[in-house]
$ cat model-v6.cif   # mmCIF, C-alpha atoms; chains and numbers go by the auth columns
data_structure
#
loop_
_atom_site.group_PDB
_atom_site.id
_atom_site.type_symbol
_atom_site.label_atom_id
_atom_site.label_comp_id
_atom_site.label_asym_id
_atom_site.label_seq_id
_atom_site.Cartn_x
_atom_site.Cartn_y
_atom_site.Cartn_z
_atom_site.B_iso_or_equiv
_atom_site.auth_seq_id
_atom_site.auth_asym_id
ATOM 1 C CA MET A 1 93.336 80.462 111.689 0.00 1 S
ATOM 2 C CA ASN A 2 91.681 83.888 111.888 0.00 2 S
ATOM 3 C CA GLN A 3 93.826 86.724 113.192 0.00 3 S
ATOM 4 C CA ASP A 4 92.692 90.047 114.576 0.00 4 S
ATOM 5 C CA PRO A 5 93.444 92.987 112.246 0.00 5 S
ATOM 6 C CA PRO A 6 96.511 95.054 113.166 0.00 6 S
ATOM 7 C CA THR A 7 95.862 97.764 115.741 0.00 7 S
ATOM 8 C CA LEU A 8 95.962 101.411 114.724 0.00 8 S
ATOM 9 C CA GLN A 9 99.247 101.779 116.604 0.00 9 S
ATOM 10 C CA ARG A 10 100.879 99.053 114.515 0.00 10 S
ATOM 11 C CA ARG A 11 99.461 100.463 111.306 0.00 11 S
ATOM 12 C CA PHE A 12 100.776 103.900 112.304 0.00 12 S
ATOM 13 C CA VAL A 13 104.284 102.497 112.781 0.00 13 S
ATOM 14 C CA ALA A 14 104.094 100.568 109.508 0.00 14 S
ATOM 15 C CA GLU A 15 103.089 103.729 107.624 0.00 15 S
ATOM 16 C CA LEU A 16 105.794 105.757 109.349 0.00 16 S
ATOM 17 C CA LEU A 17 108.526 103.208 108.615 0.00 17 S
ATOM 18 C CA GLY A 18 107.361 102.601 105.067 0.00 18 S
ATOM 19 C CA THR A 19 107.219 106.286 104.175 0.00 19 S
ATOM 20 C CA ALA A 20 110.568 106.923 105.860 0.00 20 S
ATOM 21 C CA PHE A 21 112.249 104.151 103.884 0.00 21 S
ATOM 22 C CA LEU A 22 110.563 105.347 100.689 0.00 22 S
ATOM 23 C CA LEU A 23 112.041 108.842 101.120 0.00 23 S
ATOM 24 C CA ALA A 24 115.413 107.412 102.103 0.00 24 S
ATOM 25 C CA VAL A 25 115.367 105.462 98.837 0.00 25 S
ATOM 26 C CA ILE A 26 114.240 108.453 96.745 0.00 26 S
ATOM 27 C CA VAL A 27 116.672 110.957 98.213 0.00 27 S
ATOM 28 C CA GLY A 28 119.535 108.533 98.812 0.00 28 S
ATOM 29 C CA SER A 29 119.469 107.077 95.313 0.00 29 S
ATOM 30 C CA GLY A 30 119.266 110.602 93.903 0.00 30 S
ATOM 31 C CA ILE A 31 122.399 111.604 95.799 0.00 31 S
ATOM 32 C CA MET A 32 124.240 108.437 94.778 0.00 32 S
ATOM 33 C CA GLY A 33 123.122 108.696 91.168 0.00 33 S
ATOM 34 C CA GLU A 34 124.218 112.315 90.913 0.00 34 S
ATOM 35 C CA ARG A 35 127.599 111.579 92.476 0.00 35 S
ATOM 36 C CA LEU A 36 128.345 108.618 90.226 0.00 36 S
ATOM 37 C CA SER A 37 126.869 109.843 86.948 0.00 37 S
ATOM 38 C CA GLY A 38 129.577 112.386 86.213 0.00 38 S
ATOM 39 C CA GLY A 39 127.049 115.110 85.508 0.00 39 S
ATOM 40 C CA ASN A 40 124.898 112.973 83.207 0.00 40 S
ATOM 41 C CA PHE A 41 121.349 113.865 84.242 0.00 41 S
ATOM 42 C CA ALA A 42 119.783 110.968 82.308 0.00 42 S
ATOM 43 C CA ILE A 43 121.884 108.356 84.096 0.00 43 S
ATOM 44 C CA ALA A 44 121.175 109.935 87.473 0.00 44 S
ATOM 45 C CA LEU A 45 117.442 109.976 86.759 0.00 45 S
ATOM 46 C CA LEU A 46 117.517 106.371 85.554 0.00 46 S
ATOM 47 C CA ALA A 47 119.256 105.265 88.754 0.00 47 S
ATOM 48 C CA ASN A 48 116.785 107.280 90.839 0.00 48 S
ATOM 49 C CA ALA A 49 113.771 105.785 89.027 0.00 49 S
ATOM 50 C CA ILE A 50 114.933 102.169 89.200 0.00 50 S
ATOM 51 C CA ALA A 51 115.837 102.404 92.885 0.00 51 S
ATOM 52 C CA THR A 52 112.523 104.062 93.743 0.00 52 S
ATOM 53 C CA GLY A 53 110.470 101.472 91.860 0.00 53 S
ATOM 54 C CA ALA A 54 112.377 98.564 93.410 0.00 54 S
ATOM 55 C CA GLY A 55 112.156 100.005 96.910 0.00 55 S
ATOM 56 C CA LEU A 56 108.461 100.750 96.538 0.00 56 S
ATOM 57 C CA PHE A 57 107.735 97.202 95.391 0.00 57 S
ATOM 58 C CA ALA A 58 109.521 95.747 98.411 0.00 58 S
ATOM 59 C CA LEU A 59 107.891 98.120 100.903 0.00 59 S
ATOM 60 C CA ILE A 60 104.348 97.597 99.584 0.00 60 S
ATOM 61 C CA THR A 61 104.840 93.829 99.548 0.00 61 S
ATOM 62 C CA VAL A 62 106.028 93.515 103.141 0.00 62 S
ATOM 63 C CA LEU A 63 104.033 96.295 104.839 0.00 63 S
ATOM 64 C CA GLY A 64 100.820 96.085 102.826 0.00 64 S
ATOM 65 C CA PRO A 65 99.365 93.325 105.022 0.00 65 S
ATOM 66 C CA ILE A 66 99.813 95.552 108.089 0.00 66 S
ATOM 67 C CA SER A 67 98.696 99.047 107.090 0.00 67 S
ATOM 68 C CA GLY A 68 97.709 98.767 103.450 0.00 68 S
ATOM 69 C CA ALA A 69 101.027 100.427 102.552 0.00 69 S
ATOM 70 C CA HIS A 70 99.534 103.776 101.594 0.00 70 S
ATOM 71 C CA PHE A 71 102.684 105.885 102.188 0.00 71 S
ATOM 72 C CA ASN A 72 100.718 108.700 100.554 0.00 72 S
ATOM 73 C CA PRO A 73 98.087 111.057 102.016 0.00 73 S
ATOM 74 C CA VAL A 74 95.982 111.051 98.840 0.00 74 S
ATOM 75 C CA VAL A 75 95.824 107.255 98.869 0.00 75 S
ATOM 76 C CA THR A 76 94.601 107.443 102.460 0.00 76 S
ATOM 77 C CA LEU A 77 92.093 110.154 101.520 0.00 77 S
ATOM 78 C CA THR A 78 90.754 107.989 98.691 0.00 78 S
ATOM 79 C CA GLY A 79 90.458 105.027 101.039 0.00 79 S
ATOM 80 C CA ALA A 80 88.399 107.099 103.453 0.00 80 S
ATOM 81 C CA MET A 81 86.158 108.425 100.676 0.00 81 S
ATOM 82 C CA ASN A 82 85.626 104.854 99.501 0.00 82 S
ATOM 83 C CA ARG A 83 84.768 103.818 103.077 0.00 83 S
ATOM 84 C CA LYS A 84 87.718 101.428 103.222 0.00 84 S
ATOM 85 C CA LEU A 85 89.250 103.360 106.115 0.00 85 S
ATOM 86 C CA PRO A 86 87.405 105.119 108.967 0.00 86 S
ATOM 87 C CA TRP A 87 87.722 108.894 108.760 0.00 87 S
ATOM 88 C CA VAL A 88 88.734 108.997 112.417 0.00 88 S
ATOM 89 C CA GLU A 89 91.939 107.105 111.504 0.00 89 S
ATOM 90 C CA VAL A 90 92.950 109.428 108.666 0.00 90 S
ATOM 91 C CA PRO A 91 94.844 111.937 110.873 0.00 91 S
ATOM 92 C CA ALA A 92 96.994 109.135 112.301 0.00 92 S
ATOM 93 C CA TYR A 93 97.874 107.906 108.817 0.00 93 S
ATOM 94 C CA TRP A 94 98.698 111.435 107.652 0.00 94 S
ATOM 95 C CA ALA A 95 100.836 112.112 110.698 0.00 95 S
ATOM 96 C CA ALA A 96 102.768 108.894 110.083 0.00 96 S
ATOM 97 C CA GLN A 97 103.228 109.696 106.399 0.00 97 S
ATOM 98 C CA PHE A 98 104.408 113.280 106.799 0.00 98 S
ATOM 99 C CA GLY A 99 106.534 112.441 109.831 0.00 99 S
ATOM 100 C CA GLY A 100 108.005 109.398 108.142 0.00 100 S
ATOM 101 C CA ALA A 101 108.777 111.338 104.961 0.00 101 S
ATOM 102 C CA ILE A 102 110.700 113.996 106.863 0.00 102 S
ATOM 103 C CA ALA A 103 112.535 111.309 108.842 0.00 103 S
ATOM 104 C CA GLY A 104 113.460 109.612 105.573 0.00 104 S
ATOM 105 C CA VAL A 105 115.094 112.783 104.243 0.00 105 S
ATOM 106 C CA TRP A 106 117.068 113.124 107.470 0.00 106 S
ATOM 107 C CA THR A 107 118.134 109.480 107.182 0.00 107 S
ATOM 108 C CA ALA A 108 119.393 109.884 103.620 0.00 108 S
ATOM 109 C CA HIS A 109 121.275 113.078 104.466 0.00 109 S
ATOM 110 C CA THR A 110 122.885 111.456 107.476 0.00 110 S
ATOM 111 C CA MET A 111 123.994 108.415 105.455 0.00 111 S
ATOM 112 C CA PHE A 112 125.688 110.645 102.889 0.00 112 S
ATOM 113 C CA GLY A 113 127.256 113.047 105.389 0.00 113 S
ATOM 114 C CA LEU A 114 125.026 116.031 104.639 0.00 114 S
ATOM 115 C CA ALA A 115 123.340 118.505 106.948 0.00 115 S
ATOM 116 C CA ALA A 116 120.133 117.190 108.483 0.00 116 S
ATOM 117 C CA PHE A 117 117.964 119.389 106.245 0.00 117 S
ATOM 118 C CA ALA A 118 118.500 122.027 103.576 0.00 118 S
ATOM 119 C CA PHE A 119 115.839 123.880 101.626 0.00 119 S
ATOM 120 C CA SER A 120 115.924 122.844 97.988 0.00 120 S
ATOM 121 C CA GLN A 121 116.915 125.244 95.198 0.00 121 S
ATOM 122 C CA HIS A 122 115.616 122.865 92.495 0.00 122 S
ATOM 123 C CA GLU A 123 112.991 124.777 90.524 0.00 123 S
ATOM 124 C CA ARG A 124 109.879 122.829 89.517 0.00 124 S
ATOM 125 C CA SER A 125 107.448 125.481 88.313 0.00 125 S
ATOM 126 C CA GLY A 126 105.211 126.284 85.368 0.00 126 S
ATOM 127 C CA PHE A 127 101.972 124.880 83.995 0.00 127 S
ATOM 128 C CA GLY A 128 103.620 121.806 82.471 0.00 128 S
ATOM 129 C CA GLN A 129 105.117 120.723 85.791 0.00 129 S
ATOM 130 C CA VAL A 130 101.890 121.304 87.720 0.00 130 S
ATOM 131 C CA PHE A 131 99.782 119.543 85.078 0.00 131 S
ATOM 132 C CA SER A 132 102.262 116.658 85.206 0.00 132 S
ATOM 133 C CA GLU A 133 101.484 116.248 88.886 0.00 133 S
ATOM 134 C CA PHE A 134 97.779 116.093 88.098 0.00 134 S
ATOM 135 C CA VAL A 135 98.401 113.419 85.454 0.00 135 S
ATOM 136 C CA ALA A 136 100.822 111.448 87.632 0.00 136 S
ATOM 137 C CA THR A 137 98.512 111.430 90.653 0.00 137 S
ATOM 138 C CA PHE A 138 95.392 110.641 88.631 0.00 138 S
ATOM 139 C CA GLY A 139 97.166 107.731 86.958 0.00 139 S
ATOM 140 C CA LEU A 140 98.607 106.407 90.208 0.00 140 S
ATOM 141 C CA LEU A 141 95.205 106.324 91.894 0.00 141 S
ATOM 142 C CA GLY A 142 93.708 104.684 88.816 0.00 142 S
ATOM 143 C CA VAL A 143 96.355 101.974 88.837 0.00 143 S
ATOM 144 C CA ILE A 144 95.694 101.323 92.528 0.00 144 S
ATOM 145 C CA ALA A 145 91.900 101.283 92.127 0.00 145 S
ATOM 146 C CA CYS A 146 91.900 98.958 89.128 0.00 146 S
ATOM 147 C CA GLY A 147 94.667 96.809 90.559 0.00 147 S
ATOM 148 C CA VAL A 148 92.854 96.275 93.856 0.00 148 S
ATOM 149 C CA ARG A 149 89.683 95.361 91.957 0.00 149 S
ATOM 150 C CA TYR A 150 91.104 93.057 89.279 0.00 150 S
ATOM 151 C CA GLN A 151 94.695 92.123 90.182 0.00 151 S
ATOM 152 C CA PRO A 152 95.082 92.392 93.969 0.00 152 S
ATOM 153 C CA SER A 153 98.132 90.129 94.052 0.00 153 S
ATOM 154 C CA SER A 154 99.915 92.393 91.552 0.00 154 S
ATOM 155 C CA VAL A 155 99.228 95.786 93.111 0.00 155 S
ATOM 156 C CA ALA A 156 102.780 96.188 94.444 0.00 156 S
ATOM 157 C CA ALA A 157 104.275 95.437 91.036 0.00 157 S
ATOM 158 C CA CYS A 158 101.772 97.654 89.222 0.00 158 S
ATOM 159 C CA VAL A 159 102.378 100.635 91.495 0.00 159 S
ATOM 160 C CA ALA A 160 106.151 100.206 91.379 0.00 160 S
ATOM 161 C CA ALA A 161 106.117 99.943 87.575 0.00 161 S
ATOM 162 C CA TYR A 162 103.882 102.995 87.207 0.00 162 S
ATOM 163 C CA VAL A 163 106.032 105.129 89.512 0.00 163 S
ATOM 164 C CA THR A 164 109.183 104.065 87.666 0.00 164 S
ATOM 165 C CA ALA A 165 107.575 105.044 84.364 0.00 165 S
ATOM 166 C CA GLY A 166 106.329 108.285 85.894 0.00 166 S
ATOM 167 C CA TYR A 167 109.891 109.462 86.441 0.00 167 S
ATOM 168 C CA TRP A 168 110.259 109.482 82.672 0.00 168 S
ATOM 169 C CA PHE A 169 106.925 110.294 81.085 0.00 169 S
ATOM 170 C CA THR A 170 106.045 113.310 83.262 0.00 170 S
ATOM 171 C CA ALA A 171 107.827 116.670 83.281 0.00 171 S
ATOM 172 C CA SER A 172 107.753 116.738 87.083 0.00 172 S
ATOM 173 C CA THR A 173 109.166 113.205 87.540 0.00 173 S
ATOM 174 C CA ALA A 174 105.873 112.212 89.188 0.00 174 S
ATOM 175 C CA LEU A 175 106.072 113.101 92.860 0.00 175 S
ATOM 176 C CA ALA A 176 102.308 112.339 93.068 0.00 176 S
ATOM 177 C CA ASN A 177 102.342 112.433 96.867 0.00 177 S
ATOM 178 C CA PRO A 178 101.887 115.447 99.199 0.00 178 S
ATOM 179 C CA ALA A 179 104.084 113.960 101.943 0.00 179 S
ATOM 180 C CA VAL A 180 106.854 113.199 99.465 0.00 180 S
ATOM 181 C CA THR A 181 106.519 116.676 97.966 0.00 181 S
ATOM 182 C CA VAL A 182 106.814 118.451 101.314 0.00 182 S
ATOM 183 C CA ALA A 183 109.725 116.284 102.453 0.00 183 S
ATOM 184 C CA ARG A 184 111.629 116.745 99.195 0.00 184 S
ATOM 185 C CA SER A 185 111.578 120.510 99.745 0.00 185 S
ATOM 186 C CA LEU A 186 113.938 119.821 102.661 0.00 186 S
ATOM 187 C CA THR A 187 116.723 118.334 100.542 0.00 187 S
ATOM 188 C CA ASP A 188 118.914 120.497 98.319 0.00 188 S
ATOM 189 C CA THR A 189 119.967 117.479 96.290 0.00 189 S
ATOM 190 C CA PHE A 190 119.020 115.826 92.998 0.00 190 S
ATOM 191 C CA SER A 191 115.453 114.938 94.050 0.00 191 S
ATOM 192 C CA GLY A 192 114.572 118.232 95.720 0.00 192 S
ATOM 193 C CA ILE A 193 111.848 120.773 94.990 0.00 193 S
ATOM 194 C CA ARG A 194 111.853 124.440 96.015 0.00 194 S
ATOM 195 C CA PRO A 195 109.509 125.154 98.958 0.00 195 S
ATOM 196 C CA VAL A 196 107.825 127.864 96.893 0.00 196 S
ATOM 197 C CA ASP A 197 106.810 125.259 94.291 0.00 197 S
ATOM 198 C CA VAL A 198 105.267 122.879 96.836 0.00 198 S
ATOM 199 C CA PRO A 199 101.774 124.459 97.162 0.00 199 S
ATOM 200 C CA SER A 200 100.975 124.250 93.442 0.00 200 S
ATOM 201 C CA PHE A 201 102.105 120.613 93.334 0.00 201 S
ATOM 202 C CA VAL A 202 99.988 119.676 96.347 0.00 202 S
ATOM 203 C CA ILE A 203 96.932 121.456 94.950 0.00 203 S
ATOM 204 C CA ALA A 204 97.327 119.579 91.656 0.00 204 S
ATOM 205 C CA GLN A 205 97.612 116.303 93.567 0.00 205 S
ATOM 206 C CA ILE A 206 94.444 116.991 95.556 0.00 206 S
ATOM 207 C CA VAL A 207 92.473 118.013 92.452 0.00 207 S
ATOM 208 C CA ALA A 208 93.674 114.846 90.728 0.00 208 S
ATOM 209 C CA THR A 209 92.541 112.804 93.731 0.00 209 S
ATOM 210 C CA LEU A 210 89.007 114.169 93.585 0.00 210 S
ATOM 211 C CA THR A 211 88.905 113.679 89.826 0.00 211 S
ATOM 212 C CA ALA A 212 90.183 110.121 90.053 0.00 212 S
ATOM 213 C CA PHE A 213 87.664 109.334 92.781 0.00 213 S
ATOM 214 C CA ALA A 214 84.822 110.425 90.501 0.00 214 S
ATOM 215 C CA VAL A 215 86.121 108.827 87.302 0.00 215 S
ATOM 216 C CA PHE A 216 87.218 105.480 88.671 0.00 216 S
ATOM 217 C CA GLY A 217 84.282 105.352 91.060 0.00 217 S
ATOM 218 C CA TRP A 218 82.058 105.448 87.986 0.00 218 S
ATOM 219 C CA LEU A 219 84.268 103.160 85.920 0.00 219 S
ATOM 220 C CA LEU A 220 84.436 100.433 88.569 0.00 220 S
ATOM 221 C CA ALA A 221 80.892 100.752 89.906 0.00 221 S
ATOM 222 C CA PRO A 222 78.917 97.462 89.872 0.00 222 S
ATOM 223 C CA GLN A 223 76.560 97.220 86.939 0.00 223 S
ATOM 224 C CA SER A 224 72.978 96.129 87.447 0.00 224 S
ATOM 225 C CA SER A 225 71.993 92.947 85.647 0.00 225 S
ATOM 226 C CA PRO A 226 70.012 93.549 82.469 0.00 226 S
ATOM 227 C CA ARG A 227 66.259 93.319 82.777 0.00 227 S
ATOM 228 C CA PRO A 228 64.588 90.366 81.045 0.00 228 S
ATOM 229 C CA VAL A 229 62.989 91.346 77.753 0.00 229 S
ATOM 230 C CA ALA A 230 59.220 91.290 78.035 0.00 230 S
ATOM 231 C CA ALA A 231 57.258 89.298 75.458 0.00 231 S
ATOM 232 C CA THR A 232 55.801 91.448 72.684 0.00 232 S
ATOM 233 C CA ALA A 233 53.560 90.863 69.722 0.00 233 S
ATOM 234 C CA THR A 234 56.630 90.276 67.563 0.00 234 S
ATOM 235 C CA SER A 235 58.613 88.121 69.960 0.00 235 S
ATOM 236 C CA PRO A 236 58.598 84.345 69.552 0.00 236 S
ATOM 237 C CA SER A 237 56.520 83.458 72.610 0.00 237 S
ATOM 238 C CA PRO A 238 54.194 80.444 72.948 0.00 238 S
ATOM 239 C CA LEU A 239 51.251 82.810 72.541 0.00 239 S
ATOM 240 C CA ASN A 240 52.043 84.070 69.056 0.00 240 S
ATOM 241 C CA THR A 241 54.159 81.370 67.455 0.00 241 S
ATOM 242 C CA PRO A 242 52.526 80.243 64.196 0.00 242 S
ATOM 243 C CA ARG A 243 51.041 76.793 64.404 0.00 243 S
#
$ encode --input "model-v6.cif" --output "structure tokens"
Amino acid sequence: MNQDPPTLQRRFVAELLGTAFLLAVIVGSGIMGERLSGGNFAIALLANAIATGAGLFALITVLGPISGAHFNPVVTLTGAMNRKLPWVEVPAYWAAQFGGAIAGVWTAHTMFGLAAFAFSQHERSGFGQVFSEFVATFGLLGVIACGVRYQPSSVAACVAAYVTAGYWFTASTALANPAVTVARSLTDTFSGIRPVDVPSFVIAQIVATLTAFAVFGWLLAPQSSPRPVAATATSPSPLNTPR
């Protein structure tokens, strides 16, 4: 039975809820990990990474059929550039993502008895950190592009696995998301980022998006079928085969 696609209003709510829960998972698990790790940064980061990957897998799986489960402005931007999403709908998606991300920080703070918002003092600066955001974002968009093309049923698992790995193989812990980056500047907890460091991260994410669009657009472009080889004087055609 054919069903009409979800309305923009429903997709807006799905993106808002999904991004809010994603930030609640990121910030909340960071707070819990830091409190229970006894000052062991590695254990806190491991808890933060596992919780984020698991939460992301669940959210993409259940909300993907409604909105596509972008939860990330650069994913939405890529979708529009690839003509998978009308440009006129991009502002609604971005509003849902940024609004949801901020709501998610508030939710995590409220659950753990903290002030609604607090500017982060967690420094994330320097070329290595900024370059890490380029690498993390480029890789994330590549995983999504290739996954949608070749393994659509595994996209949620692929994205969740990549993000979990990104916590560990990048110096920045792979924020790879402008909405997440902005929202995490509002939490002075384990997962925070200083507001002054946000612009460089977002610029790196946008540059990575444009680069990934070009690279994976070329890599995944349909190839034309090879032209048939024309008969030549040396080819075994009926006209020159020895009798």
$ atom_distance --input "model-v6.cif" --atom1 "atom CA of Gly30 of chain S" --atom2 "atom CA of Thr209 of chain S"
26.8 Å
$ resolve_selection --input "model-v6.cif" --expression "the PyMOL selection byres ((chain S and resi 190) around 8)" --output "list in words"
Val27, Gly30, Ile31, Glu34, His122, Asp188, Thr189, Ser191 and Gly192 of chain S
$ residues_near_point --input "model-v6.cif" --point "(87.5, 111.5, 88.3)" --cutoff "12 Å" --atoms "all atoms listed in the file" --output "MDAnalysis selection string"
chainID S and resid 78 134:135 137:139 141:142 145 206:220
$ resolve_selection --input "model-v6.cif" --expression "the PyMOL selection byres ((chain S and resi 118) around 7)" --output "JSON, numbers by chain"
{"S": [115, 117, 119, 120, 186, 187, 188]}
$ write_last_selection --input "model-v6.cif" --atoms "C-alpha atoms" --output "short mmCIF file (atom, residue, chain, number, x, y, z; two decimals), in the frame of the given file"
data_model
loop_
_atom_site.label_atom_id
_atom_site.label_comp_id
_atom_site.auth_asym_id
_atom_site.auth_seq_id
_atom_site.Cartn_x
_atom_site.Cartn_y
_atom_site.Cartn_z
CA ALA S 115 123.34 118.50 106.95
CA PHE S 117 117.96 119.39 106.24
CA PHE S 119 115.84 123.88 101.63
CA SER S 120 115.92 122.84 97.99
CA LEU S 186 113.94 119.82 102.66
CA THR S 187 116.72 118.33 100.54
CA ASP S 188 118.91 120.50 98.32
#
$ closest_residue --input "model-v6.cif" --among "S:Ala49, S:Leu63, S:Ile144, S:Ala54" --to "Ala174 of chain S" --atoms "only C-alpha atoms"
S:Ala49
$ atom_distance --input "model-v6.cif" --atom1 "atom CA of Val148 of chain S" --atom2 "atom CA of Ile203 of chain S"
25.5 Å
$ atom_distance --input "model-v6.cif" --atom1 "atom CA of Tyr162 of chain S" --atom2 "atom CA of Leu175 of chain S"
11.8 Å
